[in-house]
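**Q** Contents of input.cif (mmCIF, C-alpha atoms) are below:
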```cif
data_query
loop_
_atom_site.label_atom_id
_atom_site.label_comp_id
_atom_site.auth_asym_id
_atom_site.auth_seq_id
_atom_site.Cartn_x
_atom_site.Cartn_y
_atom_site.Cartn_z
CA MET A 1 -11.32 286.46 -172.18
CA ASN A 2 -14.75 284.88 -171.92
CA CYS A 3 -15.96 281.31 -172.26
CA HIS A 4 -17.53 281.95 -175.67
CA LEU A 5 -14.16 283.05 -177.02
CA LEU A 6 -12.35 280.13 -175.43
CA THR A 7 -14.81 277.69 -176.96
CA ILE A 8 -13.90 279.08 -180.39
CA PHE A 9 -10.22 278.68 -179.52
CA PHE A 10 -10.38 274.98 -178.76
CA GLN A 11 -13.22 273.55 -180.80
CA LYS A 12 -10.62 272.47 -183.38
CA ASP A 13 -7.70 270.13 -182.59
CA CYS A 14 -7.18 271.56 -179.09
CA PHE A 15 -8.53 270.71 -175.68
CA PHE A 16 -10.41 273.12 -173.45
CA LEU A 17 -9.39 273.58 -169.84
CA GLN A 18 -12.34 274.47 -167.59
CA ILE A 19 -11.75 277.49 -165.43
CA MET A 20 -10.81 276.18 -161.98
CA THR A 21 -9.89 277.93 -158.80
CA ASP A 22 -7.12 275.46 -158.00
CA TYR A 23 -4.77 275.07 -160.94
CA LYS A 24 -2.29 273.17 -158.81
CA GLU A 25 -4.86 270.44 -158.26
CA LYS A 26 -5.66 270.39 -161.96
CA PHE A 27 -1.96 270.16 -162.80
CA HIS A 28 -1.47 267.13 -160.53
CA GLN A 29 -4.55 265.48 -162.01
CA LEU A 30 -3.10 265.85 -165.49
CA HIS A 31 0.54 265.12 -164.54
CA PRO A 32 0.76 263.04 -161.37
CA GLY A 33 4.21 262.85 -159.86
CA VAL A 34 5.43 266.05 -161.54
CA ILE A 35 6.64 268.81 -159.24
CA TYR A 36 4.51 271.98 -159.28
CA LEU A 37 6.89 274.92 -159.14
CA GLU A 38 5.74 277.74 -156.84
CA ASN A 39 7.02 280.89 -155.17
CA GLU A 40 7.76 279.08 -151.93
CA ILE A 41 10.63 277.07 -150.53
CA ASN A 42 9.75 273.51 -149.54
CA PRO A 43 11.66 270.24 -148.91
CA ALA A 44 10.53 268.74 -152.21
CA LEU A 45 12.00 271.66 -154.17
CA LEU A 46 15.29 271.57 -152.24
CA ASP A 47 15.60 267.83 -152.81
CA TYR A 48 14.83 268.26 -156.50
CA LEU A 49 17.41 271.03 -157.01
CA ARG A 50 20.08 268.99 -155.23
CA ARG A 51 19.32 265.88 -157.25
CA LYS A 52 19.65 267.92 -160.45
CA LEU A 53 22.95 269.36 -159.09
CA TRP A 54 21.59 272.87 -159.64
CA ILE A 55 22.49 273.60 -156.01
CA GLY A 56 25.14 272.00 -153.80
CA LYS A 57 24.58 269.50 -150.98
CA THR A 58 25.01 272.13 -148.27
CA GLU A 59 23.75 275.11 -150.23
CA GLU A 60 20.69 276.81 -148.78
CA ILE A 61 17.92 278.67 -150.58
CA ILE A 62 17.43 282.10 -149.05
CA LYS A 63 14.33 283.05 -150.99
CA LEU A 64 12.36 282.70 -154.21
CA GLU A 65 11.02 285.73 -156.00
CA LYS A 66 9.14 286.69 -159.13
CA PRO A 67 11.61 288.12 -161.68
CA GLY A 68 8.92 289.69 -163.88
CA GLU A 69 5.69 289.01 -165.68
CA GLY A 70 5.71 285.66 -167.45
CA ASN A 71 3.31 285.23 -170.34
CA MET A 72 3.73 281.60 -171.35
CA ASN A 73 5.46 279.94 -168.38
CA PHE A 74 5.76 280.06 -164.62
CA VAL A 75 9.07 281.79 -163.82
CA VAL A 76 10.85 282.11 -160.48
CA ARG A 77 14.21 283.51 -159.39
CA VAL A 78 16.10 281.23 -157.00
CA ILE A 79 18.41 283.05 -154.59
CA SER A 80 20.74 280.86 -152.53
CA ASP A 81 23.60 281.68 -150.20
CA THR A 82 26.04 281.34 -153.13
CA ARG A 83 24.19 282.05 -156.39
CA ARG A 84 21.08 283.21 -158.26
CA PHE A 85 19.39 281.54 -161.22
CA ILE A 86 16.05 281.31 -163.00
CA LEU A 87 13.67 278.35 -163.17
CA LYS A 88 10.94 278.20 -165.81
CA GLN A 89 8.24 275.57 -165.82
CA ALA A 90 5.79 275.00 -168.64
CA ARG A 91 2.23 274.15 -167.66
CA PRO A 92 -0.48 272.67 -169.91
CA TRP A 93 -1.85 276.20 -170.23
CA VAL A 94 -0.60 279.73 -170.84
CA GLN A 95 0.59 281.19 -167.54
CA LYS A 96 -0.97 284.61 -168.13
CA TYR A 97 -4.25 283.11 -169.36
CA PRO A 98 -4.59 279.70 -167.67
CA GLN A 99 -7.88 279.10 -169.49
CA VAL A 100 -5.85 278.81 -172.72
CA ALA A 101 -4.31 275.41 -173.40
CA ALA A 102 -0.69 275.10 -174.54
CA PRO A 103 1.75 272.18 -175.09
CA ILE A 104 3.42 271.33 -171.78
CA ASP A 105 6.61 270.10 -173.45
CA ARG A 106 7.29 273.48 -175.06
CA ALA A 107 10.35 274.18 -172.86
CA GLY A 108 12.22 271.75 -175.09
CA THR A 109 12.04 274.29 -177.91
CA GLU A 110 13.69 276.92 -175.75
CA PHE A 111 16.36 274.43 -174.64
CA ASN A 112 17.16 273.43 -178.24
CA PHE A 113 17.30 277.08 -179.31
CA TYR A 114 19.82 278.01 -176.60
CA ALA A 115 21.85 274.87 -177.24
CA LEU A 116 22.06 275.66 -180.96
CA ILE A 117 23.09 279.31 -180.65
CA ALA A 118 25.72 278.43 -178.03
CA GLN A 119 28.08 277.83 -180.97
CA ASP A 120 28.01 281.58 -181.74
CA ASP A 121 29.71 283.91 -179.24
CA PHE A 122 27.69 287.00 -180.27
CA LEU A 123 24.31 285.28 -179.93
CA LYS A 124 25.38 283.58 -176.71
CA ARG A 125 26.39 286.95 -175.26
CA HIS A 126 22.92 288.37 -175.90
CA THR A 127 20.91 285.53 -174.34
CA PRO A 128 20.76 283.92 -170.88
CA GLN A 129 23.15 281.02 -170.46
CA LEU A 130 21.65 277.57 -170.24
CA ILE A 131 22.13 275.72 -166.94
CA GLY A 132 19.99 272.65 -167.53
CA TYR A 133 16.71 271.20 -168.72
CA ASP A 134 14.52 268.50 -167.20
CA PRO A 135 11.99 267.25 -169.80
CA GLN A 136 10.28 264.98 -167.24
CA GLN A 137 9.46 267.96 -165.01
CA TYR A 138 9.10 270.48 -167.86
CA ILE A 139 11.61 272.76 -166.10
CA LEU A 140 14.35 274.88 -167.64
CA ALA A 141 17.18 276.38 -165.54
CA LEU A 142 18.80 279.55 -166.87
CA GLU A 143 21.29 282.20 -165.88
CA ASP A 144 19.78 285.05 -163.86
CA LEU A 145 20.40 288.17 -165.93
CA GLY A 146 19.77 290.39 -162.91
CA GLU A 147 17.36 293.23 -162.36
CA GLY A 148 16.10 294.84 -165.52
CA ALA A 149 13.10 295.75 -167.61
CA ASP A 150 11.71 294.78 -170.98
CA PHE A 151 11.18 297.30 -173.76
CA THR A 152 7.37 297.60 -173.60
CA LYS A 153 7.93 301.17 -172.40
CA LEU A 154 8.51 301.94 -176.10
CA TYR A 155 4.75 301.89 -176.64
CA GLN A 156 4.48 305.12 -174.65
CA LYS A 157 4.85 308.34 -176.61
CA GLY A 158 8.30 309.84 -176.58
CA GLU A 159 10.14 306.60 -175.75
CA ASN A 160 12.77 305.83 -178.38
CA LEU A 161 15.46 303.25 -178.96
CA THR A 162 19.05 304.39 -178.69
CA SER A 163 21.41 303.79 -181.60
CA ALA A 164 23.24 301.15 -179.56
CA GLU A 165 19.99 299.32 -178.77
CA LEU A 166 18.90 299.39 -182.41
CA GLU A 167 22.27 298.04 -183.52
CA ALA A 168 22.13 295.24 -180.93
CA LEU A 169 18.57 294.21 -181.88
CA THR A 170 19.28 294.27 -185.62
CA GLY A 171 22.70 292.67 -185.22
CA PHE A 172 21.18 289.81 -183.24
CA LEU A 173 18.70 289.08 -186.03
CA SER A 174 21.36 289.28 -188.74
CA GLN A 175 23.58 286.85 -186.87
CA LEU A 176 20.72 284.51 -185.95
CA HIS A 177 19.39 284.38 -189.51
CA ALA A 178 22.87 283.62 -190.83
CA LEU A 179 23.34 280.45 -188.74
CA ASP A 180 24.05 277.44 -190.89
CA ALA A 181 22.08 274.42 -189.72
CA LYS A 182 22.03 270.81 -190.80
CA PRO A 183 18.71 269.11 -191.64
CA GLU A 184 18.76 267.07 -188.42
CA THR A 185 19.15 270.30 -186.43
CA ILE A 186 16.21 271.87 -188.24
CA ARG A 187 14.04 268.94 -187.19
CA LYS A 188 14.99 269.42 -183.53
CA VAL A 189 14.15 273.11 -183.12
CA GLY A 190 10.49 274.07 -183.09
CA HIS A 191 7.34 272.55 -181.67
CA PRO A 192 4.61 271.91 -184.26
CA ASN A 193 1.82 272.53 -181.76
CA MET A 194 3.40 275.79 -180.58
CA LYS A 195 3.66 276.90 -184.18
CA LYS A 196 0.03 275.95 -184.71
CA LEU A 197 -1.02 277.83 -181.57
CA ASN A 198 0.84 280.93 -182.74
CA HIS A 199 -0.57 280.59 -186.25
CA GLU A 200 -4.12 280.56 -184.92
CA HIS A 201 -3.54 283.68 -182.81
CA ILE A 202 -1.80 285.57 -185.63
CA PHE A 203 -3.60 284.53 -188.81
CA ILE A 204 -7.05 283.26 -187.79
CA PHE A 205 -8.67 284.57 -184.59
CA PRO A 206 -8.00 288.30 -185.14
CA PHE A 207 -9.88 288.16 -188.44
CA LEU A 208 -13.01 286.30 -187.33
CA GLU A 209 -16.02 288.60 -187.50
CA GLU A 210 -17.51 287.00 -184.39
CA ASN A 211 -14.78 285.95 -181.97
CA GLY A 212 -16.40 287.09 -178.74
CA PHE A 213 -13.90 289.90 -178.18
CA ASP A 214 -15.37 293.42 -178.19
CA LEU A 215 -12.61 295.78 -179.34
CA ASP A 216 -14.56 298.73 -177.95
CA THR A 217 -13.45 297.54 -174.50
CA VAL A 218 -9.92 298.35 -175.66
CA GLN A 219 -10.77 301.66 -177.29
CA PRO A 220 -14.19 303.09 -178.20
CA GLY A 221 -14.76 302.91 -181.94
CA LEU A 222 -12.14 300.21 -182.56
CA GLN A 223 -14.74 297.49 -183.16
CA THR A 224 -16.35 299.47 -185.99
CA ALA A 225 -12.95 300.44 -187.41
CA ALA A 226 -11.86 296.78 -187.52
CA LEU A 227 -14.98 295.39 -189.18
CA PRO A 228 -14.10 296.28 -192.81
CA PHE A 229 -10.83 294.36 -192.48
CA LYS A 230 -12.62 291.31 -191.05
CA LYS A 231 -15.15 291.41 -193.91
CA ASN A 232 -12.61 291.87 -196.72
CA LYS A 233 -12.47 288.48 -198.44
CA THR A 234 -9.58 289.41 -200.73
CA LEU A 235 -7.52 290.51 -197.74
CA LYS A 236 -8.42 287.42 -195.73
CA ASN A 237 -7.43 285.13 -198.60
CA LYS A 238 -4.01 286.80 -198.67
CA ILE A 239 -3.74 286.33 -194.91
CA ILE A 240 -4.51 282.62 -195.29
CA GLU A 241 -1.78 282.37 -197.94
CA LEU A 242 0.72 284.10 -195.66
CA GLY A 243 -0.29 281.80 -192.82
CA GLU A 244 0.64 278.79 -194.93
CA ILE A 245 4.09 280.30 -195.51
CA TYR A 246 4.45 280.78 -191.76
CA LEU A 247 3.52 277.15 -191.08
CA ALA A 248 6.03 275.73 -193.55
CA THR A 249 9.54 274.75 -192.45
CA HIS A 250 12.36 276.75 -194.03
CA GLN A 251 16.11 277.15 -193.51
CA THR A 252 16.33 280.20 -191.21
CA LEU A 253 16.36 279.95 -187.42
CA ILE A 254 14.02 282.57 -185.97
CA GLN A 255 13.40 283.50 -182.35
CA GLY A 256 9.67 283.42 -183.08
CA ASP A 257 8.40 286.28 -180.89
CA TYR A 258 10.77 289.17 -181.59
CA TYR A 259 9.00 292.14 -180.04
CA PRO A 260 9.67 294.54 -177.10
CA GLY A 261 8.39 292.05 -174.52
CA SER A 262 11.21 289.66 -175.47
CA TRP A 263 13.94 292.31 -175.27
CA LEU A 264 15.43 292.82 -171.84
CA LYS A 265 17.65 295.68 -170.67
CA VAL A 266 19.93 294.69 -167.79
CA GLU A 267 23.21 295.96 -166.38
CA SER A 268 25.26 293.76 -168.73
CA GLY A 269 23.43 295.04 -171.81
CA LEU A 270 20.54 294.08 -174.06
CA LYS A 271 19.37 290.46 -173.90
CA ILE A 272 16.89 288.42 -175.93
CA ILE A 273 14.67 286.05 -173.95
CA ASP A 274 11.74 283.62 -174.25
CA PRO A 275 12.33 281.76 -177.55
CA GLU A 276 9.56 279.21 -176.90
CA PHE A 277 8.12 279.93 -180.37
CA ALA A 278 11.50 279.45 -182.10
CA TYR A 279 11.61 277.35 -185.25
CA PHE A 280 13.15 277.25 -188.70
CA GLY A 281 11.06 279.59 -190.83
CA ARG A 282 11.30 282.76 -192.92
CA ALA A 283 13.53 285.68 -191.98
CA GLU A 284 10.91 287.98 -193.52
CA PHE A 285 8.46 287.08 -190.76
CA GLU A 286 10.88 287.92 -187.95
CA LEU A 287 12.08 291.22 -189.41
CA GLY A 288 8.48 292.10 -190.28
CA VAL A 289 7.38 291.60 -186.66
CA MET A 290 10.18 293.81 -185.34
CA VAL A 291 9.47 296.64 -187.80
CA ALA A 292 5.73 296.44 -187.10
CA HIS A 293 6.43 297.09 -183.42
CA PHE A 294 8.69 299.99 -184.34
CA LYS A 295 5.71 301.45 -186.18
CA MET A 296 3.23 300.82 -183.36
CA SER A 297 5.64 302.36 -180.87
CA GLN A 298 6.04 305.38 -183.14
CA GLN A 299 9.78 305.09 -183.64
CA GLU A 300 11.16 307.65 -186.05
CA GLU A 301 11.13 306.69 -189.74
CA ASP A 302 14.88 307.31 -189.76
CA THR A 303 15.21 304.64 -187.07
CA ILE A 304 13.32 302.12 -189.19
CA GLN A 305 15.35 302.92 -192.28
CA HIS A 306 18.58 302.64 -190.30
CA CYS A 307 17.43 299.23 -189.05
CA LEU A 308 16.83 298.09 -192.63
CA ARG A 309 20.28 299.30 -193.67
CA LEU A 310 21.91 297.47 -190.76
CA TYR A 311 20.06 294.19 -191.24
CA GLN A 312 21.95 291.68 -193.38
CA LYS A 313 19.42 289.87 -195.53
CA PRO A 314 19.93 286.13 -195.99
CA ALA A 315 19.88 284.68 -199.50
CA GLY A 316 16.43 284.60 -201.06
CA PHE A 317 14.98 287.35 -198.85
CA GLU A 318 11.75 288.71 -200.42
CA ASP A 319 10.97 292.36 -199.73
CA ASN A 320 7.28 292.03 -200.60
CA LEU A 321 6.91 289.11 -198.21
CA PHE A 322 8.68 291.10 -195.49
CA ARG A 323 6.25 294.01 -195.94
CA ALA A 324 3.29 291.63 -195.95
CA PHE A 325 4.39 290.24 -192.58
CA ILE A 326 4.68 293.81 -191.26
CA GLY A 327 1.03 294.17 -192.25
CA ILE A 328 0.01 290.92 -190.57
CA GLU A 329 1.64 291.88 -187.27
CA LEU A 330 0.14 295.37 -187.36
CA LEU A 331 -3.37 294.11 -188.01
CA ARG A 332 -3.30 291.18 -185.61
CA ARG A 333 -2.10 293.43 -182.78
CA LEU A 334 -4.51 296.26 -183.55
CA VAL A 335 -7.70 294.25 -184.17
CA GLY A 336 -6.86 290.94 -182.52
CA LEU A 337 -6.72 289.44 -179.07
CA ALA A 338 -3.04 290.08 -178.21
CA GLN A 339 -3.45 293.76 -177.41
CA LEU A 340 -0.53 295.97 -176.44
CA PRO A 341 -0.33 299.01 -174.12
CA LEU A 342 -0.29 301.37 -177.10
CA SER A 343 -0.62 305.12 -176.65
CA LEU A 344 -2.21 305.59 -180.08
CA HIS A 345 -5.38 307.52 -180.88
CA LEU A 346 -8.05 305.71 -182.89
CA GLN A 347 -7.18 307.67 -186.02
CA GLU A 348 -3.53 306.67 -185.67
CA LYS A 349 -4.52 303.02 -185.38
CA MET A 350 -6.76 303.32 -188.43
CA ALA A 351 -3.89 304.80 -190.45
CA LEU A 352 -1.67 301.85 -189.47
CA MET A 353 -4.46 299.43 -190.38
CA ASP A 354 -4.73 300.97 -193.85
CA GLU A 355 -0.96 300.76 -194.24
CA ALA A 356 -1.08 297.10 -193.19
CA LYS A 357 -3.82 296.35 -195.71
CA THR A 358 -1.73 297.83 -198.52
CA TYR A 359 1.31 295.77 -197.55
CA ILE A 360 -0.70 292.53 -197.46
CA GLU A 361 -2.67 293.12 -200.67
CA ASN A 362 0.50 294.01 -202.60
CA TYR A 363 2.12 290.67 -201.81
#
```
What is this file in structure tokens?

**A**
Amino acid sequence: MNCHLLTIFFQKDCFFLQIMTDYKEKFHQLHPGVIYLENEINPALLDYLRRKLWIGKTEEIIKLEKPGEGNMNFVVRVISDTRRFILKQARPWVQKYPQVAAPIDRAGTEFNFYALIAQDDFLKRHTPQLIGYDPQQYILALEDLGEGADFTKLYQKGENLTSAELEALTGFLSQLHALDAKPETIRKVGHPNMKKLNHEHIFIFPFLEENGFDLDTVQPGLQTAALPFKKNKTLKNKIIELGEIYLATHQTLIQGDYYPGSWLKVESGLKIIDPEFAYFGRAEFELGVMVAHFKMSQQEEDTIQHCLRLYQKPAGFEDNLFRAFIGIELLRRLVGLAQLPLSLHLQEKMALMDEAKTYIENY
């Protein structure tokens, strides 16, 4: 990302964080007195963990290690002489792209999501168990699921979901979307600024003709291939309309970022992680995102159709809206900023872009 692009990002209702070599110093300037979680053991961390009762009085920390790549938050695995668990801390920026501002209190969304689904044994079994949350320090403590890998390998040719994995992924969505929530619960889950941040990256930035991001750096010819979609006013008006549906509050709890990077395969089975974008919205958006990634990862059409047969649609589910959200996710990933490690030729991407356009325009 370059400074021109970042200026576009934050010229409207956001603040711009200057690129600094010492983010720890910047963090303490913005949030004095808040612990800055790092990959090192120090007396302040030990004292903090004991005060929170996340470790015992005589328990010793053996080491801290990085459990995997964190996109939004700083994540560390704590290994003591008696247990292992995960700490996540939100910063006032995106961990992977610290130049990009993000709400620092976003961990509350993840906490509320886990607390809500704890009432359902199936959903609870497929997510890390909640240990605790400290809103003053922006830190979430979660069960350590153990060594594993996400499902981004699916983007490589020849990598396919197993039937059991497909059933688990689809079953999780069906169960999640069937949760009955009271109005006061709906108000608790979801962060309006996180939703706004996601909205801008899904429905706005990918479709700006001049956003400072040269798609030819991703794949030669992609910039030219994307231009007709960015110039299509009819298409862009439909995208704006779909963005308004995304922003509205509805009755269905969604995980908010249901793609292979949020699916984790560990010894105990398939787990769903990182619901920081969770909110009450439309089931069509969530299912549309999942199916779009099946298409970009070249899963068999039979796999997709089996997924659609397995998924239990909630009342009021609109098939045209579902297909339109497939189109949005396809286009925003193919021509936008949130690129994936796809093993697709340019012609294959162009075919998916045309398919996406049809889905969106037919809504």

**Q** For the atom pair atom CA of Phe213 of chain A and atom CA of Val335 of chain A, what is the interatomic distance in Å to one decimal place?

**A**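 Result for atom CA of Phe213 of chain A versus atom CA of Val335 of chain A: 9.7 Å, one decimal.
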
**Q** For the file shown, what are the residues hit by the PyMOL selection byres ((chain A and resi 93) around 10), laid out as a list in words?

**A**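 Applying the expression gives Phe16, Leu17, Tyr23, Phe27, Met72, Asn73, Ala90, Arg91, Pro92, Val94, Gln95, Lys96, Tyr97, Pro98, Gln99, Val100, Ala101, Ala102, Pro103 and Ile104 of chain A.
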
**Q** Quick one: which residues end up in the PyMOL selection byres ((chain A and resi 194) around 10) for this structure, as a list in words?

**A**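 For this structure, the PyMOL selection byres ((chain A and resi 194) around 10) resolves to Ala102, Pro103, Ile104, Asp105, Arg106, Thr109, Gly190, His191, Pro192, Asn193, Lys195, Lys196, Leu197, Asn198, His199, Glu200, Glu276, Phe277, Ala278 and Tyr279 of chain A.
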
**Q** Atom CA of Leu142 of chain A and atom CA of Lys88 of chain A are how many Å apart?

**A**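 So the answer is 8.0 Å.
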
**Q** Which residue out of A:Ile61, A:Leu337, A:Leu87, A:Ile360 has the minimum interatomic distance to Gly212 of chain A when all atoms listed in the file are used?

**A**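 Using all atoms listed in the file, the shortest distance to Gly212 of chain A belongs to A:Leu337.
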